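Q: Dumping the structure here so I can ask a few things about it.
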Amino acid sequence: MQDSPSSFVVSGNIVDVIGGHIVGGTVEVRDGRVYRVTPDDRRHDTFLMPGFVDAHIHVESSMLPPAEFARLAVVQGTVATVSDPHEIANVLGLAGVRYMIGSGRAAPFTFCFGAPSCVPATAFETAGATLDAAAVESLLRDDAIGYLSEVMNVPGVINGDADLLAKIAAAKRLGKPIDGHAPGLRGHDCEKYFATGITTDHECFTYEEAAEKLGHGVKILIREGSAARNFDALYRLLGEYPDRCMLCSDDKHPNDLEAGHINALAARAVGRGIDPMNVLRAACVNPVEHYRLRTGLLRTGDRADFIEVADLRTFRVMCTWIAGRLVAQDGQPLIDHVSSPIVNRFGAPPTRPDDFTVRATGGEWVQVIEVIDGQLVTRRSRQRVTLRDGRAIADPARDLLKIAVVNRYSPAPPAVGFIRGFGLKRGAIASSVAHDSHNVVAIAADDQSLCRAVNDIIAHRGGLSVVTGEGAAESLPLPIAGLMSDRDGRDVARRYAALDRLAKDLGSPLRAPFMSLSFMALLVIPELKMSDRGLFDGVNWRFVDVIE
């Protein structure tokens with residue numbers, strides 16, 4: 001990083017988001033801070049404005065370590081993220097959180113990391129680590145940790161889980177914000193959940209749900225990521241409650257990040273008729289104020305974090321400055337690639353096709369996970385089983401595929417069930433990015449392909465894999481905790497995009513098959529999901545039988 005950024009002056013139409021006005025002028029930067037803002041009453045061709053902030057993201061979902069994520073993000077005018085490192089924490093515990101902090105410090109970018117509150121997310125799956133109340137409080141006492149990350153165990157909060165409430169109490173005692181995670185929660189339980197001091201929610205998928213939570217004093221983070229896409233349902237809130245909304249992506253695959261970030265959401269909101277100042281309040285200012293980020297807002301004395309855009313409709317980013325350093329220009333990052341060390345935990349042995357057999361003795365029906373494109377929630381259905389020699393098998397003609405979750409940490413039999421919505425006509429896809437415990441999750445049209453895809457992930461000690469039935473499996477290795485690559489971010493984006501195309505060539509109609517796959521093991525999101533220990537009912541919080 002540049003220790004003493006040079007002084008410079010840049011002119012443009014200066015967007016004062018807090019004051020709500022635009023004036024032509026110049027911004028003078030000295031030693032990384034805004035030294036002076038001078039109006040000149042001229043009309044300029046471009047606009048200078050505060051940089052964008054992603055108010056909730058798991059950087060690991062980009063498959064890039066923080067230093068490399070920053071290289072792609074600054075091109076889109078993003079200068080800061082509020083980042084929950086619970087993905088790597090579920091694999092490596094406290095050491096994983098420290099890894100993310102260290103990598104983030106290698107880039108000219110603001111990463112506000114949280115203390116993961118739910119590691120593991122539930123007691124119904126196998127994770128690589130546990131963070132109890134004492135461990136979480138130790139993180140919260142670190143100045144590098146800005147908040148308590150999303151409290152995903154909703155039943156634990158409502159039913160008074162002592163360890164979870166101790167984590168919330170520690171955050172309140174230390175004056176750090178507490179993030180929520182309460183998909184579909186309404187009524188008395190909603191009121192009880194947020195009465196504990198939880199201040200945000202990024203899981204709303206209907207306008208009515210968000211409005212009810214706003215009534216409890218909650219700030220709503222409007223999410224549009226690679227899989228969960230709630231913008232269309234919630235964007236009106238930006239015009240109605242501009243001081244109480246933020247924008248976030250939650251999970252963003254590398255090719256999607258390369259195409260656009262919070263800038264793209266801002267453009268969509270303005271295109272829907274929302275006043276640009278209200279949009280920018282949510283996209284730039286509210287996260288800085290809520291999480292007390294060190295990020296500047298283009299005021300005299302602020303750190304010089306700002307961007308130059310072509311207009312306030314498309315928000316095409318021309319230049320990005322962080323702490324007075326030019327870090328992106330004309331679509332290119334000006335930050336060097338930093339080599340990232342490899343850390344991991346992977347103990348699963350290879351599997352055999354017979355490991356994925358489902359015996360259908362005594363039942364004619366299977367309980368099936370029904371995928372909803374663009375949502376993390378799933379539905380459930382009952383389908384008549386397709387039998388062969390007493391075994392329940394996948395039936396691609398009915399879009400009835402097998403799903404398996406394999407414990408990546410130690411030898412154990414796979415958990416196997418059935419799923420609809422992925423649409424594969426043949427082959428398999430698999431991933432070690434499987435929220436939140438990050439075991440190996442795979443979906444296939446037959447047991448041979450299922451085994452082959454899982455073993456490809458095991459051989460690479462993490463990654464993504466597509467088995468087409470033609471030649472060797474195609475892979476994207478993710479050697480950093482089975483979640484992230486150590487390669488150049490744009491190369492990772494290209495390789496991921498190629499796997500995405502292969503999955504769609506197999507028949508998947510989903511917008512982001514791998515992102516959707518990664519959430520099929522997320523038990524805290526209803527309605528039906530698959531743990532490495534079996535099929536899980538996320539409404540009634542219990543395991544259920546696959547065969548009925």
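By convention here, the chains of the structure tokens are called A, B, ... in the order presented, each chain's residues are numbered starting at 1, and ligands are numbered starting at 1 in the order presented.
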Taking a cut-off of 7 Å and counting only C-alpha atoms, can you build a table that, for each residue of stretch 481-545 of chain A near stretch 393-417 of chain A, reports the nearest atom pair and how far apart they are in Å (one decimal), sorted by chain then residue number, as a Markdown table?
A:
```
| residue | atom | partner | partner_atom | distance |
| --- | --- | --- | --- | --- |
| A:Met530 | CA | A:Val405 | CA | 6.8 |
| A:Ser531 | CA | A:Val405 | CA | 6.3 |
| A:Asp532 | CA | A:Val405 | CA | 4.8 |
| A:Arg533 | CA | A:Ala415 | CA | 5.7 |
| A:Gly534 | CA | A:Ala415 | CA | 5.1 |
| A:Leu535 | CA | A:Gly417 | CA | 6.8 |
```
Q: Write out as a ChimeraX atom specification each polymer residue whose atoms come within 12 Å of A:Arg98, counting only C-alpha atoms; drop sequence neighbours fewer than 6 positions from it.
A: /A:66,85-86,88-89,92,104-105,113-116,139,142,144-145,343
Q: Name the residues of stretch 171-399 of chain A that fall into alpha helix (DSSP H) according to DSSP on the backbone, using the chain letters and numbers of this document, as a PyMOL selection string.
A: chain A and resi 171-173+187-194+207-214+231-234+237-240+254-259+262-271+276-280+286-290
Q: One number please: atom CA of A:Ala444 to atom CA of A:Ala428, in Å, one decimal.
A: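 A separation of 4.0 Å between them.
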Q: Counting only C-alpha atoms, what is within 12 Å of A:Ala521, bar same-chain residues fewer than 2 positions away, as a VMD selection string?
A: chain A and resid 121 to 122 124 to 127 369 376 to 378 403 to 407 415 to 417 419 431 to 443 515 to 519 523 to 538
Q: Just to be explicit: take each residue in the selection above, keep N, CA and C atoms, and write the result as a compact mmCIF listing (two decimals), in the first residue's frame.
A:
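The result, written out as result.txt:
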```
# COMPACT_ATOMS: atom_id res chain seq x y z
N ALA A 121 -23.68 -23.28 12.43
CA ALA A 121 -24.98 -22.62 12.34
C ALA A 121 -26.04 -23.38 13.12
N THR A 122 -25.94 -24.71 13.15
CA THR A 122 -26.87 -25.53 13.91
C THR A 122 -26.11 -26.71 14.50
N PHE A 124 -27.11 -29.68 13.93
CA PHE A 124 -27.59 -30.79 13.11
C PHE A 124 -26.69 -31.07 11.92
N GLU A 125 -25.45 -30.60 11.98
CA GLU A 125 -24.51 -30.80 10.88
C GLU A 125 -23.11 -30.85 11.44
N THR A 126 -22.17 -31.29 10.62
CA THR A 126 -20.78 -31.38 11.04
C THR A 126 -20.00 -30.21 10.47
N ALA A 127 -19.43 -29.41 11.35
CA ALA A 127 -18.58 -28.29 10.93
C ALA A 127 -17.14 -28.57 11.35
N ILE A 369 -36.74 -31.96 -1.96
CA ILE A 369 -36.42 -30.54 -1.88
C ILE A 369 -36.79 -29.90 -3.21
N LEU A 376 -33.25 -18.42 -1.50
CA LEU A 376 -32.58 -19.39 -0.66
C LEU A 376 -33.57 -20.35 -0.02
N VAL A 377 -34.81 -19.88 0.17
CA VAL A 377 -35.84 -20.77 0.70
C VAL A 377 -36.17 -21.83 -0.34
N THR A 378 -36.58 -22.99 0.15
CA THR A 378 -37.03 -24.06 -0.73
C THR A 378 -38.46 -24.46 -0.33
N ILE A 403 -29.44 -35.76 -4.42
CA ILE A 403 -28.57 -34.80 -3.75
C ILE A 403 -27.84 -35.54 -2.64
N ALA A 404 -26.56 -35.28 -2.51
CA ALA A 404 -25.76 -35.91 -1.46
C ALA A 404 -24.92 -34.85 -0.76
N VAL A 405 -24.75 -35.02 0.55
CA VAL A 405 -23.82 -34.20 1.33
C VAL A 405 -22.85 -35.14 2.02
N VAL A 406 -21.56 -34.90 1.81
CA VAL A 406 -20.50 -35.75 2.34
C VAL A 406 -19.68 -34.96 3.36
N ASN A 407 -19.55 -35.50 4.56
CA ASN A 407 -18.72 -34.90 5.61
C ASN A 407 -17.30 -34.73 5.09
N ALA A 415 -24.93 -38.54 3.24
CA ALA A 415 -26.38 -38.39 3.38
C ALA A 415 -26.93 -38.16 1.98
N VAL A 416 -28.00 -38.90 1.62
CA VAL A 416 -28.50 -38.86 0.25
C VAL A 416 -30.01 -38.64 0.26
N GLY A 417 -30.47 -37.77 -0.61
CA GLY A 417 -31.89 -37.51 -0.76
C GLY A 417 -32.23 -37.18 -2.20
N ILE A 419 -34.06 -34.16 -5.03
CA ILE A 419 -34.25 -32.72 -5.25
C ILE A 419 -34.82 -32.50 -6.65
N SER A 431 -19.67 -29.35 -5.12
CA SER A 431 -18.98 -28.18 -4.58
C SER A 431 -18.64 -28.40 -3.11
N SER A 432 -17.51 -27.86 -2.68
CA SER A 432 -17.19 -27.80 -1.25
C SER A 432 -17.58 -26.46 -0.67
N VAL A 433 -18.15 -25.58 -1.47
CA VAL A 433 -18.77 -24.35 -0.97
C VAL A 433 -20.22 -24.73 -0.68
N ALA A 434 -20.50 -25.02 0.58
CA ALA A 434 -21.82 -25.54 0.98
C ALA A 434 -22.17 -24.94 2.33
N HIS A 435 -22.86 -23.84 2.28
CA HIS A 435 -23.18 -23.07 3.49
C HIS A 435 -23.95 -23.93 4.49
N ASP A 436 -23.58 -23.84 5.80
CA ASP A 436 -22.49 -23.02 6.29
C ASP A 436 -21.31 -23.87 6.77
N SER A 437 -21.50 -25.18 6.84
CA SER A 437 -20.43 -26.03 7.35
C SER A 437 -19.43 -26.42 6.27
N HIS A 438 -19.81 -26.23 5.02
CA HIS A 438 -18.92 -26.44 3.88
C HIS A 438 -18.40 -27.85 3.77
N ASN A 439 -19.36 -28.79 3.93
CA ASN A 439 -19.11 -30.16 3.52
C ASN A 439 -19.26 -30.22 2.00
N VAL A 440 -19.11 -31.40 1.42
CA VAL A 440 -19.21 -31.53 -0.03
C VAL A 440 -20.68 -31.79 -0.38
N VAL A 441 -21.24 -30.96 -1.25
CA VAL A 441 -22.63 -31.13 -1.70
C VAL A 441 -22.61 -31.39 -3.20
N ALA A 442 -23.46 -32.34 -3.63
CA ALA A 442 -23.48 -32.70 -5.05
C ALA A 442 -24.89 -33.07 -5.47
N ILE A 443 -25.19 -32.84 -6.73
CA ILE A 443 -26.48 -33.19 -7.34
C ILE A 443 -26.18 -33.91 -8.64
N MET A 515 -24.28 -21.47 -7.18
CA MET A 515 -24.67 -20.69 -6.01
C MET A 515 -25.90 -21.32 -5.36
N SER A 516 -26.87 -21.72 -6.16
CA SER A 516 -28.04 -22.40 -5.60
C SER A 516 -27.63 -23.70 -4.91
N LEU A 517 -26.73 -24.45 -5.53
CA LEU A 517 -26.24 -25.69 -4.93
C LEU A 517 -25.65 -25.44 -3.56
N SER A 518 -24.90 -24.35 -3.42
CA SER A 518 -24.20 -24.09 -2.17
C SER A 518 -25.15 -23.85 -1.00
N PHE A 519 -26.40 -23.51 -1.29
CA PHE A 519 -27.36 -23.23 -0.21
C PHE A 519 -28.28 -24.42 0.09
N LEU A 523 -29.21 -25.24 6.64
CA LEU A 523 -30.36 -25.73 7.39
C LEU A 523 -31.20 -24.61 8.00
N VAL A 524 -30.61 -23.44 8.22
CA VAL A 524 -31.35 -22.36 8.88
C VAL A 524 -32.30 -21.64 7.93
N ILE A 525 -32.29 -22.00 6.67
CA ILE A 525 -33.23 -21.43 5.70
C ILE A 525 -34.26 -22.50 5.36
N PRO A 526 -35.54 -22.26 5.68
CA PRO A 526 -36.54 -23.27 5.39
C PRO A 526 -36.73 -23.42 3.87
N GLU A 527 -37.31 -24.51 3.36
CA GLU A 527 -38.19 -25.34 4.14
C GLU A 527 -37.57 -26.71 4.37
N LEU A 528 -36.88 -27.23 3.36
CA LEU A 528 -36.27 -28.55 3.44
C LEU A 528 -34.86 -28.44 2.87
N LYS A 529 -33.86 -28.96 3.62
CA LYS A 529 -32.47 -28.92 3.18
C LYS A 529 -31.79 -30.25 3.53
N MET A 530 -30.55 -30.40 3.08
CA MET A 530 -29.83 -31.65 3.30
C MET A 530 -28.57 -31.39 4.13
N SER A 531 -28.49 -32.02 5.27
CA SER A 531 -27.30 -31.99 6.12
C SER A 531 -26.43 -33.20 5.79
N ASP A 532 -25.18 -33.19 6.26
CA ASP A 532 -24.36 -34.39 6.10
C ASP A 532 -24.87 -35.53 6.98
N ARG A 533 -25.86 -35.22 7.83
CA ARG A 533 -26.45 -36.25 8.70
C ARG A 533 -27.84 -36.67 8.26
N GLY A 534 -28.40 -36.04 7.22
CA GLY A 534 -29.70 -36.45 6.73
C GLY A 534 -30.56 -35.30 6.26
N LEU A 535 -31.77 -35.62 5.84
CA LEU A 535 -32.72 -34.64 5.33
C LEU A 535 -33.31 -33.86 6.51
N PHE A 536 -33.33 -32.52 6.38
CA PHE A 536 -33.66 -31.68 7.53
C PHE A 536 -34.84 -30.77 7.22
N ASP A 537 -35.79 -30.76 8.15
CA ASP A 537 -36.97 -29.91 8.08
C ASP A 537 -36.65 -28.60 8.81
N GLY A 538 -36.46 -27.52 8.05
CA GLY A 538 -36.07 -26.24 8.64
C GLY A 538 -37.22 -25.46 9.23
```
Q: As JSON, numbers by chain, which residues of stretch 96-176 of chain A does DSSP assign to strand (DSSP E)?
A: {"A": [110, 111, 112, 113, 114, 115, 145, 146, 147, 148, 149, 150, 151]}
Q: Nearest residue to A:Ala129 out of A:Arg30, A:Arg42, A:Arg345, A:Arg382, using only C-alpha atoms?
A: A:Arg345
Q: Give me the residues near A:Ser340 as a PyMOL selection string, where near means some atom within 12 Å (using only C-alpha atoms) and where sequence neighbours in that chain fewer than 5 positions away do not count.
A: chain A and resi 64-69+99-100+102-104+106-107+479-481+484-489
Q: Mind writing the picked residues with C-alpha atoms as an mmCIF file, in the first residue's frame?
A:
```
data_model
loop_
_atom_site.group_PDB
_atom_site.id
_atom_site.type_symbol
_atom_site.label_atom_id
_atom_site.label_comp_id
_atom_site.auth_asym_id
_atom_site.auth_seq_id
_atom_site.Cartn_x
_atom_site.Cartn_y
_atom_site.Cartn_z
ATOM 1 C CA LEU A 64 -11.301 -15.025 -3.685
ATOM 2 C CA PRO A 65 -9.377 -14.060 -0.548
ATOM 3 C CA PRO A 66 -10.041 -10.470 0.579
ATOM 4 C CA ALA A 67 -6.969 -8.945 -1.061
ATOM 5 C CA GLU A 68 -8.001 -10.361 -4.441
ATOM 6 C CA PHE A 69 -11.698 -9.600 -3.922
ATOM 7 C CA TYR A 99 -6.725 -15.202 7.983
ATOM 8 C CA MET A 100 -9.397 -12.965 6.475
ATOM 9 C CA GLY A 102 -4.699 -10.471 7.499
ATOM 10 C CA SER A 103 -5.554 -10.809 3.828
ATOM 11 C CA GLY A 104 -7.778 -7.728 3.984
ATOM 12 C CA ALA A 106 -2.870 -6.439 2.232
ATOM 13 C CA ALA A 107 -5.196 -4.335 0.048
ATOM 14 C CA PRO A 479 -7.341 -24.782 -2.038
ATOM 15 C CA ILE A 480 -7.858 -22.012 0.552
ATOM 16 C CA ALA A 481 -10.162 -23.693 3.089
ATOM 17 C CA MET A 484 -11.202 -19.707 -2.201
ATOM 18 C CA SER A 485 -8.641 -19.748 -4.970
ATOM 19 C CA ASP A 486 -5.110 -18.394 -4.785
ATOM 20 C CA ARG A 487 -5.192 -17.385 -8.463
ATOM 21 C CA ASP A 488 -5.823 -14.029 -10.145
ATOM 22 C CA GLY A 489 -9.442 -12.983 -9.645
#
```
Q: Write out as a list of chain:residue names which residues come within 9 Å of A:Leu312 when counting only C-alpha atoms, dropping same-chain ones fewer than 4 positions away.
A: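 What passes the distance filter is A:Phe47, A:Ala266, A:Ala267, A:Val270, A:Pro276, A:Arg316.
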Q: Keeping C-alpha atoms for every residue in the selection just given, could you write it to a file as a PDB file, in the first residue's frame?
A:
```pdb
ATOM      1  CA  PHE A  47     -19.706  13.291 -11.049  1.00  0.00           C
ATOM      2  CA  ALA A 266     -27.996   1.697  -7.708  1.00  0.00           C
ATOM      3  CA  ALA A 267     -28.520   1.969 -11.462  1.00  0.00           C
ATOM      4  CA  VAL A 270     -32.761   4.863 -10.344  1.00  0.00           C
ATOM      5  CA  PRO A 276     -30.717   9.148  -6.914  1.00  0.00           C
ATOM      6  CA  ARG A 316     -20.471   3.818 -14.825  1.00  0.00           C
TER       7      ARG A 316
END
```
Q: Near stretch 74-78 of chain A, counting only C-alpha atoms, which residues have an atom at most 7 Å away, once you skip same-chain residues fewer than 2 positions from it, shown as a PyMOL selection string?
A: chain A and resi 51-53+70-72+80+260-261+263+307+317+320+327-328+331-333
Q: Would you export the selected residues with C-alpha atoms as an mmCIF file, in the first residue's frame, please?
A:
```
data_model
loop_
_atom_site.group_PDB
_atom_site.id
_atom_site.type_symbol
_atom_site.label_atom_id
_atom_site.label_comp_id
_atom_site.auth_asym_id
_atom_site.auth_seq_id
_atom_site.Cartn_x
_atom_site.Cartn_y
_atom_site.Cartn_z
ATOM 1 C CA GLY A 51 -17.785 5.167 -2.947
ATOM 2 C CA PHE A 52 -20.224 2.283 -2.720
ATOM 3 C CA VAL A 53 -20.432 -0.008 0.303
ATOM 4 C CA ALA A 70 -10.712 -5.940 -3.476
ATOM 5 C CA ARG A 71 -9.057 -5.891 -6.914
ATOM 6 C CA LEU A 72 -12.352 -6.778 -8.608
ATOM 7 C CA ALA A 80 -15.755 -0.958 1.579
ATOM 8 C CA GLY A 260 -21.228 -5.296 -11.464
ATOM 9 C CA HIS A 261 -21.651 -4.771 -7.747
ATOM 10 C CA ASN A 263 -23.204 0.240 -8.586
ATOM 11 C CA ILE A 307 -15.323 7.679 -7.044
ATOM 12 C CA VAL A 317 -17.316 4.018 -12.746
ATOM 13 C CA THR A 320 -11.901 4.912 -7.703
ATOM 14 C CA VAL A 327 -6.983 2.040 -7.210
ATOM 15 C CA ALA A 328 -9.065 1.605 -10.391
ATOM 16 C CA GLY A 331 -12.442 -0.709 -15.816
ATOM 17 C CA GLN A 332 -8.989 -1.842 -14.734
ATOM 18 C CA PRO A 333 -7.714 -2.451 -11.186
#
```
